[in-house]
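Take a look at the structure set out below.
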2 protein chains.
Amino acid sequence: MFNFPEYLFLQVGLNLTQICLPRECTEDEIIEEVLKLNQDPRVHGVYLHLPPVFLTGRVLNTVNPEKDIDGMSDLNVGRLARGDVSQSFTPPTANAVMQLLARNGELGSGVMRADAVVLLGAERMDIPPTWLRPGASVIHCGSAFLTGTTSQVFMSNNLDASSSGVGALTAVLRMQNVVQSSSRWAQQQQYRPWILRSLKLQPLSPVPRDIEISRAQTPKAIDQLAQEIGLLQEETEAYGRTKAKVRLSLLDRLREQPDGKYVLVAGITPTPLGEGKSTVTIGLVQALTAHLKLNSFACLRQPSQGPTFGVKGGAAGGGYAQVIPMEEFNLHLTGDIHAISAANNLVAAAIDARMLHEATQTDKALYSRLVPSVNGVRCFSPIQVARLRRLGINETDPSALTPQEVSSFVRLDLDPAKVTWQRVVDTNDRFLRKITVGQANTEKGHMRETQFDIAVASEIMAILALTDGLGDMKTRLGRMVVGSSRSGQPVTAEDLGVSGALAVLMKDAIKPTLMQTLEGTPVFVHAGPFANIAHGNSSVLADKLALKLVGEDGFVVTEAGFGADIGMEKFFNIKCRSSGLRPNVVVLVATVRALKMHGGGPNVSAGSPLPKEYINENLSLVAGGCSTNLKKQIEIAHLFGVPVVVALNVFKTDTQAEIDLVCRIAKESGASDAVPCHHWALGGRGSLDLAQAVKRASNQPNHFQFLYNQETPIVEKIRMIAQKVYGADDIKLSVEAQAKIDYYNQQGYGNLPICMAKTHLSLSHMPELKGVPTGFTLPIRDVRASVGAGFIYPLVGTMSTMPGLPTRPCFYDIDLDPVTEEISGLF
Amino acid sequence: MFNFPEYLFLQVGLNLTQICLPRECTEDEIIEEVLKLNQDPRVHGVYLHLPPVFLTGRVLNTVNPEKDIDGMSDLNVGRLARGDVSQSFTPPTANAVMQLLARNGELGSGVMRADAVVLLGAERMDIPPTWLRPGASVIHCGSAFLTGTTSQVFMSNNLDASSSGVGALTAVLRMQNVVQSSSRWAQQQQYRPWILRSLKLQPLSPVPRDIEISRAQTPKAIDQLAQEIGLLQEETEAYGRTKAKVRLSLLDRLREQPDGKYVLVAGITPTPLGEGKSTVTIGLVQALTAHLKLNSFACLRQPSQGPTFGVKGGAAGGGYAQVIPMEEFNLHLTGDIHAISAANNLVAAAIDARMLHEATQTDKALYSRLVPSVNGVRCFSPIQVARLRRLGINETDPSALTPQEVSSFVRLDLDPAKVTWQRVVDTNDRFLRKITVGQANTEKGHMRETQFDIAVASEIMAILALTDGLGDMKTRLGRMVVGSSRSGQPVTAEDLGVSGALAVLMKDAIKPTLMQTLEGTPVFVHAGPFANIAHGNSSVLADKLALKLVGEDGFVVTEAGFGADIGMEKFFNIKCRSSGLRPNVVVLVATVRALKMHGGGPNVSAGSPLPKEYINENLSLVAGGCSTNLKKQIEIAHLFGVPVVVALNVFKTDTQAEIDLVCRIAKESGASDAVPCHHWALGGRGSLDLAQAVKRASNQPNHFQFLYNQETPIVEKIRMIAQKVYGADDIKLSVEAQAKIDYYNQQGYGNLPICMAKTHLSLSHMPELKGVPTGFTLPIRDVRASVGAGFIYPLVGTMSTMPGLPTRPCFYDIDLDPVTEEISGLF
């Protein structure tokens, strides 16, 4: 429903901006507005929606005939009020207008066939071929252009055809003008190679500190970047000058656009020496877009703010392959993690408050409070009706429930010992790892032990990473299981009545954040779930948006957490399964140093000098690491049928012989290609070989397959991962793990994919075992479920979900200059 | 220092935008850029900073002579490199350039006197009168225009005067062109009555729900509003389409601009029936700006998100006097409270981690970790040097400290029982009111009792509300006392080494957020400290920015929490003392219902029907309330020498006789004026009388004075407030309170103003006593200090700093439509 206000207004074609004018405006003011619209290239049609007194000859003659879509009052549908702008009405749908045009014989006749038809709004419809010239375009522009919710093509009123002397034919001709103009404009919004102004780098040697490099580069205004990559103004929401959220309506507008190539960056098993997956990811897109002039996007995880102030280690890349401004990337960003914390902790507060209220009130008191009489009327809220349905109660009159039904409705009967939901905070606060809450007198002795996790460990983060839209996110948030009742039934966020509020808290967080690399190429930052208790990959939505934006000849490079055995396996089996996207290439990152450690090199410890094996040439250690861990990780990727390019992230101590050796063994082990990369020292220019190799590999035939079917029993799924990916002989379930699996099967969660919570420091469960461990049995200590996110996570060992602060946290060096506003000490 | 990159660029006058061009660009591309600059009205001068090969005749001739400030190479100062753009140099300061011009005899001669001089940058300087024509303007534009940090007027290089044939005289003439153009432009940025497009309201009857009213109005794009009120594009940072942060550089640009009138909205003692201070505040600015066409700004507090999901009650106003979109106002806003939570909890984590590390390590181990050897070099970080100075140690070589000095440096020796810092969360989570932390094995038994407060109770929120800039905020954050050592010394955030990190976390939160009312007039939302343990007023910075933006004929309307005895008293004695601002008018809000309760009307309870006294006319109860509480609150305002306008917020059940009675008694009690307001039902149109009354009162003579001098002893300050404001006979200090006062005096905090933590429901400490209680002694249970914020807060009774959730929190009704993205159920 449009609710036409009393005041006067003009309305503008394709992007249906309303220009509101005050009621007391003058003819001159109206003409001034019309003149502006005449000149605005984004306005393709103007119709005047004014009371008759203002429809003077001067006003009417001001509208550029090319843009005039008025004079069509005889085409009005649905009894539009003429000259009465205070009346409410439903505007005609696109279909209705088109049909009317056809009925009048003016569209669809030989002469009047359209070159192009532009449809606005969510409604899709088929245009009869007789309406169209051969080769005509039909462009569905989605609802991004609409201020209301109803679909529209063009409509008009207030100008009587007879009085203005404008006949229906003229009207349709004018309309065609607009359609053609809109068509050209809309086509410009479709895929094209970007005309992107890259930012030039002048790498210094030695390479300065990350923050200095980041600060020395002036980022483009984010709206400029957005425009360069084909985003419409309506599709972005700036957050300051260097970040913008991108609206999901883009997916609708570019629905027909083919996806680009999908590239995953994974790594060999991590060592304390580091591999640099993020820098490879960023260096690769810098090479693809700033140097090879191909459309590309990097999709990165948002880092937790906790470690930023705890122990050194940014996630914005490093050296000359960074996301800028790095301090914006590493700090609040656009508030998504804060939104997750707020949502997560609202659930926690609701749980404890509910347990207290149930423990201290009768059924009757609870019921009269949960379903209060407002002005003498009692009714269930929609979320309460949903709970009634789940309980099998179809009654909607609160007074008609039996006492038994009232009791089962008001009592979630949560077992305090079986609450699995934790509070979160985005700070490294080790003292919250185990706490007792509820010790104030007001909580009447209902204290219990619980814990805080770091915010990114929240199930809501995993949901944000896996969801494909608002509706899906709301469903997932509602089905999150927060604990079980004393009778063993799962209790969900929807049972608590909080799921709508969670969706409200997360409504902006669902939009990916656009930033840029040091060379001015686009980056999405979105979601950053844990890589052990969750799947450790950035968001499905960011990848989907990026794949549309780069178009079919472009590349989207996304990064998985930890080594390929964990992050990549979950990327395929969980993320791709959820998104329906299929990867084209895996880039496997390795360093000479890490390979030496996998080949048997000595341990290293923080603070001690690096052993000489890692500084001097040692071909046998390199060969050892390549033929064990690197080879195995390549094989894992091949299990999924995806070609692998090995990216060797070169350090200045690496010798040419070492580099050549890695590349040779990698290719012998089945990699499509293996290339040294120098992005850290040189930016995109240092990753040109990698970019070319990825481009070649993306054209190879692709036989992607999942490792297991979802319907396979839970135990079998775990065993397949353990044996085929980790190389274990078998798995061993604890009694508790087996009991949990039985429970989850009984609850109907047996079809969920598996998200292993295993150490990332070894292919096995024993972090000290490097290379390719064999002959071990993988112990499954416990099994848990993230029902909202949609996976079962077996625990192999103990996972810490709350980091601590060291004696000298890096906040000692972080400072802000109050005059220049420059930040120092951040990495 | 400017660090000229290798690539080529053009640079633009007044707003010193750099246009970067790729090194491989063509002459045509340069010309295209120049043509754009020629046409851009915001560009007042162009100088080409290009290697000689690009300085072709075609390029040089493209620059519009009006904008050409090049050709001045003979005026170069500081040995600018000619044609060599890779060299670093310090650009000449404004002073240096002006002096050079004067030396050349071309400025300051009779002919060459300037009509206007525009100075850029933070540096201020005096222009000799001989340089100027009579009546010339000298405009200091502040550093907002600078990308670097050094002051500049205009500078030039690369074009040799002799080779281009442009002499110094021509150059100066051209420069004058630019100065004149800049001057006109800069004057446009100075104060003027706003040309503000107000949004029209069509109030419905009955008044719909707040969210429906909010949703029915389409807000202006926030950048449009920003432009209308005279903000420069560079001064705002959009957060989505309806919110923008405003940069503090504005204060510098408008330094010479006179402030507008400063109006405080306060209330009578609150009752459960509500008064509506926020709606009065918003209705008043709607009346002033949308109807009387006077510049005005409302400055509001950001509400906590906890109660949004707990118990009904928004802070965005109500009815037809609201800030829109109300859901944006009530939810994350621009993340300021999230930033406060992050900063607050980083301090908390640092405290517990530090206590653990000190308890488990020797002095030597602590010292080697706190001052580690990095590449063989040990040095103190600046924040550690600051701590050494406070300890009286002037040594800067870590190896030179005595063991005693090392020990006092490394050990804060915090007494766990005397840690006063609490964690915070922006959720109503009653189970966190008292908790035990540190129960995990990793914390080795160092558990302790503590609590979480709601985020807005954090001292950092009070600091945000009182600070006047980044430097001041950083100082205040550093001096926050988090507890005391076993020897009784205060331990500060700076001692923990965390103050720089706190400033970094808060660097965006310090900028006020611009929003708009239902009628499209501007609003600042910034800070929202507790009104009992803190001072309950929105930020000093928002008020200061708004006072400059409205200009001397405009109005800034700001709201104080609770009744006038608390919020207004703190506004005067704490906020105005800190800001140096002086209020012109107090608007005192009352309702007939609340006055009836103060006049002896019966108690009301939630859920029960309202007693008939509040629905039917009852003149004696009204008279009782007026002659007690209302009269007393007017007298309190007069204590401070500020005129009072009583705003009677009219409900539909109020009779004309009741309304007339209130207005009559209010005037008899000394109010300058007393008017009924109908903004809730009618918007600004309903508050026109109030707007006129405020305008009249603001022209009255003003004799503002504080209630006490800062130097008065703490006990005396408390007594003056108790006696003069609350009407107590005397105060009674507990032993603990007296001991704390002695301690604070000894620590040098005796000069801080007083922030009473008293119930808001009565002028006394007994919430049930309405009207004007007399004959009571105010008990001071305890005294605490917020040293960073800068006040002492005596506790009168127990203050809850963590609200709870009721049995049916309002989140039950809050929902999001996934298709339209509309929120329902929010108030």
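For the structure tokens, the naming scheme is as follows: chains receive sequential letters (A, B, ...) according to their order of presentation, residues are indexed from 1 within each chain, and ligands are indexed from 1 in presentation order.
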
Any idea what's packed within 8 Å of region 818-822 of chain B, counting only C-alpha atoms, ignoring anything in its chain fewer than 5 positions away? Could you give it as an NGL selection string?
:A and (149 or 470-471 or 474 or 507)

Within 7 Å of chain A, which residues of chain B are there when counting only C-alpha atoms? Please give them as a ChimeraX atom specification.
/B:22,149,237-241,335,338,345-346,349,352-354,357,369-370,381,383,427-429,431-440,443,470-471,497-498,500-501,503-504,805,807-808,811-816,818,820,823

Keeping only C-alpha atoms, write the selected residues as a CSV table (one decimal), in the first residue's frame.
```
chain,number,residue,atom,x,y,z
B,22,PRO,CA,49.1,6.2,-12.5
B,149,THR,CA,49.9,17.8,9.5
B,237,GLU,CA,31.3,10.2,8.3
B,238,ALA,CA,28.1,8.5,7.2
B,239,TYR,CA,27.1,5.3,9.0
B,240,GLY,CA,24.5,4.0,6.7
B,241,ARG,CA,21.9,6.4,5.3
B,335,GLY,CA,28.7,1.5,18.0
B,338,HIS,CA,30.0,-1.3,22.1
B,345,ASN,CA,36.5,-4.9,29.6
B,346,LEU,CA,40.0,-4.7,28.3
B,349,ALA,CA,41.0,-8.4,31.7
B,352,ASP,CA,43.0,-9.9,36.6
B,353,ALA,CA,45.8,-11.1,34.2
B,354,ARG,CA,48.2,-8.7,35.9
B,357,HIS,CA,51.2,-12.7,36.6
B,369,ARG,CA,58.8,-10.0,30.3
B,370,LEU,CA,57.6,-6.4,30.7
B,381,SER,CA,57.7,1.9,26.0
B,383,ILE,CA,53.7,4.4,28.8
B,427,THR,CA,22.4,-6.5,28.4
B,428,ASN,CA,20.0,-6.7,31.3
B,429,ASP,CA,21.7,-9.8,32.8
B,431,PHE,CA,22.8,-13.1,37.1
B,432,LEU,CA,26.0,-11.1,36.6
B,433,ARG,CA,25.2,-8.8,39.6
B,434,LYS,CA,27.6,-10.9,41.7
B,435,ILE,CA,29.9,-13.5,40.3
B,436,THR,CA,33.1,-15.4,41.1
B,437,VAL,CA,35.7,-15.3,38.4
B,438,GLY,CA,39.0,-17.2,37.9
B,439,GLN,CA,37.7,-20.7,38.7
B,440,ALA,CA,39.4,-22.5,35.9
B,443,GLU,CA,44.0,-19.3,36.9
B,470,LEU,CA,40.9,13.4,22.0
B,471,GLY,CA,43.8,14.6,24.1
B,497,GLY,CA,49.8,0.1,30.4
B,498,VAL,CA,46.4,0.1,28.7
B,500,GLY,CA,46.8,4.2,24.8
B,501,ALA,CA,44.8,1.1,23.7
B,503,ALA,CA,42.1,5.8,23.4
B,504,VAL,CA,42.4,3.8,20.2
B,805,LEU,CA,14.7,-9.1,32.7
B,807,THR,CA,9.2,-12.8,33.1
B,808,ARG,CA,8.0,-11.6,29.8
B,811,PHE,CA,11.8,-9.1,23.2
B,812,TYR,CA,8.7,-11.4,22.9
B,813,ASP,CA,7.1,-8.9,20.6
B,814,ILE,CA,10.2,-7.8,18.7
B,815,ASP,CA,10.5,-9.2,15.2
B,816,LEU,CA,12.0,-8.6,11.8
B,818,PRO,CA,13.0,-10.9,6.4
B,820,THR,CA,10.7,-5.9,3.9
B,823,ILE,CA,11.1,-4.2,12.6
```

Return as CSV the residues of region 403-446 of chain B lying at most 12 Å from region 385-390 of chain B, together with the closest atom-to-atom pair for each and the distance in Å to one decimal, counting only C-alpha atoms, with rows in chain order and ascending residue number.
```
residue,atom,partner,partner_atom,distance
B:Glu405,CA,B:Leu388,CA,8.9
B:Val406,CA,B:Leu388,CA,9.7
B:Ser407,CA,B:Leu388,CA,11.5
B:Ser408,CA,B:Leu388,CA,9.1
B:Phe409,CA,B:Leu388,CA,6.7
B:Val410,CA,B:Arg387,CA,10.0
B:Arg411,CA,B:Arg387,CA,11.4
B:Leu412,CA,B:Arg387,CA,10.4
```

Could you write out that same residue set with all heavy atoms as a short mmCIF file (atom, residue, chain, number, x, y, z; two decimals), in the first residue's frame?
```cif
data_model
loop_
_atom_site.label_atom_id
_atom_site.label_comp_id
_atom_site.auth_asym_id
_atom_site.auth_seq_id
_atom_site.Cartn_x
_atom_site.Cartn_y
_atom_site.Cartn_z
N GLU B 405 63.96 -0.53 42.61
CA GLU B 405 63.23 0.20 41.57
C GLU B 405 62.52 -0.77 40.63
O GLU B 405 61.38 -0.54 40.22
CB GLU B 405 64.18 1.11 40.78
CG GLU B 405 64.62 2.34 41.58
CD GLU B 405 65.70 3.17 40.87
OE1 GLU B 405 66.43 2.60 40.01
OE2 GLU B 405 65.80 4.36 41.17
N VAL B 406 63.22 -1.85 40.29
CA VAL B 406 62.59 -2.86 39.43
C VAL B 406 61.32 -3.37 40.10
O VAL B 406 60.27 -3.46 39.48
CB VAL B 406 63.56 -4.04 39.16
CG1 VAL B 406 62.81 -5.24 38.58
CG2 VAL B 406 64.68 -3.60 38.23
N SER B 407 61.43 -3.67 41.38
CA SER B 407 60.29 -4.23 42.09
C SER B 407 59.11 -3.24 42.10
O SER B 407 57.97 -3.61 41.84
CB SER B 407 60.71 -4.58 43.51
OG SER B 407 59.62 -5.18 44.18
N SER B 408 59.39 -1.98 42.40
CA SER B 408 58.26 -1.04 42.44
C SER B 408 57.72 -0.79 41.04
O SER B 408 56.53 -0.50 40.88
CB SER B 408 58.66 0.27 43.14
OG SER B 408 59.67 0.90 42.42
N PHE B 409 58.57 -0.94 40.02
CA PHE B 409 58.08 -0.77 38.65
C PHE B 409 57.19 -1.94 38.22
O PHE B 409 56.12 -1.73 37.64
CB PHE B 409 59.27 -0.64 37.69
CG PHE B 409 58.89 -0.65 36.24
CD1 PHE B 409 58.25 0.45 35.67
CD2 PHE B 409 59.14 -1.76 35.44
CE1 PHE B 409 57.88 0.43 34.34
CE2 PHE B 409 58.76 -1.78 34.11
CZ PHE B 409 58.13 -0.68 33.55
N VAL B 410 57.62 -3.16 38.51
CA VAL B 410 56.90 -4.32 37.96
C VAL B 410 55.67 -4.69 38.78
O VAL B 410 54.78 -5.36 38.29
CB VAL B 410 57.79 -5.57 37.83
CG1 VAL B 410 58.95 -5.29 36.89
CG2 VAL B 410 58.27 -6.08 39.18
N ARG B 411 55.65 -4.29 40.04
CA ARG B 411 54.53 -4.72 40.89
C ARG B 411 53.54 -3.58 41.11
O ARG B 411 53.83 -2.61 41.80
CB ARG B 411 55.04 -5.22 42.24
CG ARG B 411 55.89 -6.46 42.10
CD ARG B 411 55.94 -7.37 43.31
NE ARG B 411 56.72 -8.54 42.93
CZ ARG B 411 56.19 -9.64 42.40
NH1 ARG B 411 54.88 -9.73 42.25
NH2 ARG B 411 56.96 -10.65 42.03
N LEU B 412 52.36 -3.72 40.53
CA LEU B 412 51.29 -2.79 40.87
C LEU B 412 50.76 -3.16 42.25
O LEU B 412 50.20 -2.35 42.97
CB LEU B 412 50.16 -2.86 39.85
CG LEU B 412 50.58 -2.64 38.39
CD1 LEU B 412 49.35 -2.66 37.49
CD2 LEU B 412 51.31 -1.33 38.23
#
```

Give me the residues within 7 Å of region 246-259 of chain A as a list in words, counting only C-alpha atoms and dropping any in the same chain fewer than 6 places off.
Cys141, Gly142, Ala144, Glu235, Thr236, Glu237, Lys511, Pro512, Thr513, Leu514, Leu545, Leu547, Lys548, Gly551 and Glu552 of chain A

So which bits of region 603-763 of chain B end up helix (DSSP H, G or I) when you DSSP the backbone, as a ChimeraX atom specification?
/B:612-614,619-639,656-668,679-698,714-726,735-747

When you draw a straight line from CA of Thr360 (chain B) to CA of Val482 (chain B), how long is it in Å?
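Between these atoms lies a distance of 21.0 Å.
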
Could you write out, as a PyMOL selection string, all the residues of region 308-519 of chain A that DSSP marks as strand (DSSP E)?
chain A and resi 317-318+321-324+373-374+377-378+414-419+423-425+435-437+448-450+452-454+481-485+490-492+513-517

With C-alpha atoms retained, export the selected residues as a JSON list (two decimals), in the first residue's frame.
```
[["chain", "number", "residue", "atom", "x", "y", "z"],
["A", 317, "GLY", "CA", 47.76, -9.42, 5.74],
["A", 318, "GLY", "CA", 51.23, -8.00, 6.01],
["A", 321, "ALA", "CA", 49.84, -7.33, 0.75],
["A", 322, "GLN", "CA", 47.39, -5.78, 3.19],
["A", 323, "VAL", "CA", 43.83, -4.61, 3.60],
["A", 324, "ILE", "CA", 43.78, -0.89, 4.39],
["A", 373, "SER", "CA", -4.13, -9.00, 29.74],
["A", 374, "VAL", "CA", -3.63, -5.77, 27.81],
["A", 377, "VAL", "CA", -7.48, -8.72, 26.04],
["A", 378, "ARG", "CA", -5.09, -11.65, 26.31],
["A", 414, "LEU", "CA", 15.70, -26.06, 31.58],
["A", 415, "ASP", "CA", 18.13, -28.26, 33.51],
["A", 416, "PRO", "CA", 20.75, -25.83, 34.90],
["A", 417, "ALA", "CA", 23.37, -28.55, 34.58],
["A", 418, "LYS", "CA", 22.55, -28.99, 30.90],
["A", 419, "VAL", "CA", 22.65, -25.40, 29.73],
["A", 423, "ARG", "CA", 28.17, -15.81, 27.43],
["A", 424, "VAL", "CA", 30.79, -14.13, 25.22],
["A", 425, "VAL", "CA", 33.07, -11.12, 25.28],
["A", 435, "ILE", "CA", 32.84, -18.50, 36.70],
["A", 436, "THR", "CA", 29.89, -18.75, 39.07],
["A", 437, "VAL", "CA", 26.94, -16.47, 38.32],
["A", 448, "ARG", "CA", 25.52, -21.95, 38.75],
["A", 449, "GLU", "CA", 28.89, -22.48, 37.12],
["A", 450, "THR", "CA", 29.33, -21.31, 33.57],
["A", 452, "PHE", "CA", 32.50, -16.82, 28.89],
["A", 453, "ASP", "CA", 33.93, -17.60, 25.45],
["A", 454, "ILE", "CA", 35.61, -15.17, 23.10],
["A", 481, "VAL", "CA", 19.70, -25.24, 21.03],
["A", 482, "VAL", "CA", 20.67, -23.59, 24.31],
["A", 483, "GLY", "CA", 20.36, -26.60, 26.59],
["A", 484, "SER", "CA", 17.96, -29.35, 27.41],
["A", 485, "SER", "CA", 15.01, -29.71, 29.70],
["A", 490, "PRO", "CA", 16.25, -29.63, 23.50],
["A", 491, "VAL", "CA", 15.31, -26.03, 24.34],
["A", 492, "THR", "CA", 15.79, -23.49, 21.56],
["A", 513, "THR", "CA", 31.76, -5.05, 4.57],
["A", 514, "LEU", "CA", 33.65, -3.72, 1.57],
["A", 515, "MET", "CA", 37.23, -2.56, 2.02],
["A", 516, "GLN", "CA", 40.29, -2.42, -0.24],
["A", 517, "THR", "CA", 43.81, -3.77, -0.57]]
```

Near region 619-629 of chain A, 8 Å: region 750-786 of chain A residue rows, closest pairs, only C-alpha atoms, as a Markdown table:
```
| residue | atom | partner | partner_atom | distance |
| --- | --- | --- | --- | --- |
| A:Lys770 | CA | A:Asn629 | CA | 7.7 |
| A:Gly771 | CA | A:Asn629 | CA | 4.6 |
| A:Val772 | CA | A:Thr628 | CA | 5.3 |
```
